[in-house]
Amino acid sequence: MIKKLEYDKVTIYEVESLQKELLELINAIEDELVLDFSQVSKVDMTSIQILISAQKSCKEKAIPFSLINLSTGLKETLESCGCSTILGVQL
């Protein structure tokens, strides 16, 4: 399932709704979870933690998890905090 994130930015202010949305998706799907970041321009550490948690939950259910359409800025943010490899994002 490809889920297009409908956020301009994902920060501490949006993270509660994102976490709820991801948990519902993970519990409902059985094939894969692909998050489309084409509309997202900014993330913070809180949202990155939620993404890592979602990835872990998917792994526990043997569901492939990936992020697509990340801007160069988002990739650099993930790289600078050491999370790009964890989330499978390449610059």
# chains A, B, ... in the order shown; residues from 1 in each chain; ligands from 1

$ residues_around --residues "segment 23-39 of chain A" --least-positions-apart "2" --cutoff "6 Å" --atoms "only C-alpha atoms" --output "list in words"
Met1, Ile2, Lys3, Lys4, Leu5, Asp8, Lys20, Glu21, Ile63, Pro64, Phe65, Ser66, Leu67, Ile68, Asn69 and Leu70 of chain A

$ write_last_selection --atoms "N, CA and C atoms" --output "mmCIF file, in the first residue's frame"
data_model
loop_
_atom_site.group_PDB
_atom_site.id
_atom_site.type_symbol
_atom_site.label_atom_id
_atom_site.label_comp_id
_atom_site.auth_asym_id
_atom_site.auth_seq_id
_atom_site.Cartn_x
_atom_site.Cartn_y
_atom_site.Cartn_z
ATOM 1 N N MET A 1 0.839 -1.175 0.000
ATOM 2 C CA MET A 1 0.000 0.000 0.000
ATOM 3 C C MET A 1 0.883 1.237 0.000
ATOM 4 N N ILE A 2 0.606 2.145 -0.900
ATOM 5 C CA ILE A 2 1.302 3.429 -0.914
ATOM 6 C C ILE A 2 0.424 4.463 -0.222
ATOM 7 N N LYS A 3 0.972 5.084 0.802
ATOM 8 C CA LYS A 3 0.255 6.123 1.547
ATOM 9 C C LYS A 3 0.951 7.452 1.316
ATOM 10 N N LYS A 4 0.252 8.358 0.643
ATOM 11 C CA LYS A 4 0.797 9.697 0.411
ATOM 12 C C LYS A 4 0.547 10.541 1.667
ATOM 13 N N LEU A 5 1.614 11.015 2.259
ATOM 14 C CA LEU A 5 1.465 11.858 3.447
ATOM 15 C C LEU A 5 0.933 13.215 3.035
ATOM 16 N N ASP A 8 2.605 19.193 4.928
ATOM 17 C CA ASP A 8 3.685 20.013 4.368
ATOM 18 C C ASP A 8 4.950 19.779 5.175
ATOM 19 N N LYS A 20 -0.846 7.904 14.950
ATOM 20 C CA LYS A 20 -2.142 7.214 14.943
ATOM 21 C C LYS A 20 -2.435 6.657 13.551
ATOM 22 N N GLU A 21 -2.203 7.457 12.536
ATOM 23 C CA GLU A 21 -2.445 7.052 11.152
ATOM 24 C C GLU A 21 -1.573 5.852 10.768
ATOM 25 N N ILE A 63 6.305 -7.077 7.211
ATOM 26 C CA ILE A 63 5.745 -6.205 6.176
ATOM 27 C C ILE A 63 6.858 -5.283 5.686
ATOM 28 N N PRO A 64 7.182 -5.306 4.403
ATOM 29 C CA PRO A 64 8.188 -4.372 3.884
ATOM 30 C C PRO A 64 7.761 -2.924 4.121
ATOM 31 N N PHE A 65 8.721 -2.072 4.451
ATOM 32 C CA PHE A 65 8.484 -0.667 4.771
ATOM 33 C C PHE A 65 9.477 0.170 3.985
ATOM 34 N N SER A 66 8.985 1.216 3.320
ATOM 35 C CA SER A 66 9.907 2.100 2.603
ATOM 36 C C SER A 66 9.342 3.512 2.501
ATOM 37 N N LEU A 67 10.255 4.441 2.236
ATOM 38 C CA LEU A 67 9.923 5.846 2.045
ATOM 39 C C LEU A 67 10.286 6.203 0.609
ATOM 40 N N ILE A 68 9.405 6.946 -0.067
ATOM 41 C CA ILE A 68 9.682 7.359 -1.437
ATOM 42 C C ILE A 68 9.453 8.858 -1.605
ATOM 43 N N ASN A 69 10.011 9.390 -2.682
ATOM 44 C CA ASN A 69 9.823 10.797 -3.072
ATOM 45 C C ASN A 69 10.239 11.796 -1.995
ATOM 46 N N LEU A 70 11.361 11.503 -1.344
ATOM 47 C CA LEU A 70 11.907 12.445 -0.373
ATOM 48 C C LEU A 70 12.723 13.501 -1.108
#

$ select_by_dssp --residues "chain A" --states "helix (DSSP H, G or I)" --output "count of residues only"
39

$ atom_distance --atom1 "atom CA of Thr77 of chain A" --atom2 "atom CA of Ile48 of chain A"
9.7 Å

$ residues_around --residues "segment 50-62 of chain A" --least-positions-apart "6" --cutoff "7 Å" --atoms "only C-alpha atoms" --output "list of chain:residue names"
A:Gln19, A:Leu22, A:Ile26, A:Leu87

$ write_last_selection --atoms "N, CA and C atoms" --output "mmCIF file, in the first residue's frame"
data_model
loop_
_atom_site.group_PDB
_atom_site.id
_atom_site.type_symbol
_atom_site.label_atom_id
_atom_site.label_comp_id
_atom_site.auth_asym_id
_atom_site.auth_seq_id
_atom_site.Cartn_x
_atom_site.Cartn_y
_atom_site.Cartn_z
ATOM 1 N N GLN A 19 1.378 9.344 13.989
ATOM 2 C CA GLN A 19 1.552 8.084 14.700
ATOM 3 C C GLN A 19 0.262 7.267 14.685
ATOM 4 N N LEU A 22 -0.299 5.892 11.135
ATOM 5 C CA LEU A 22 0.606 4.792 10.801
ATOM 6 C C LEU A 22 0.233 3.507 11.531
ATOM 7 N N ILE A 26 -0.609 0.022 9.689
ATOM 8 C CA ILE A 26 0.176 -1.188 9.961
ATOM 9 C C ILE A 26 -0.727 -2.326 10.427
ATOM 10 N N LEU A 87 16.482 3.864 7.981
ATOM 11 C CA LEU A 87 15.226 3.925 7.235
ATOM 12 C C LEU A 87 15.380 3.519 5.780
#

$ residues_around --residues "Leu78 of chain A" --least-positions-apart "6" --cutoff "10 Å" --atoms "only C-alpha atoms" --output "list in words"
Val43, Asp44, Met45, Ile48, Thr72, Ser84, Thr85, Ile86, Leu87, Val89, Gln90 and Leu91 of chain A

$ select_by_dssp --residues "segment 3-62 of chain A" --states "strand (DSSP E)" --output "number ranges by chain"
A: 3-4, 9-10, 33-36, 42-43

$ atom_distance --atom1 "atom CA of Glu6 of chain A" --atom2 "atom CA of Gly88 of chain A"
21.4 Å
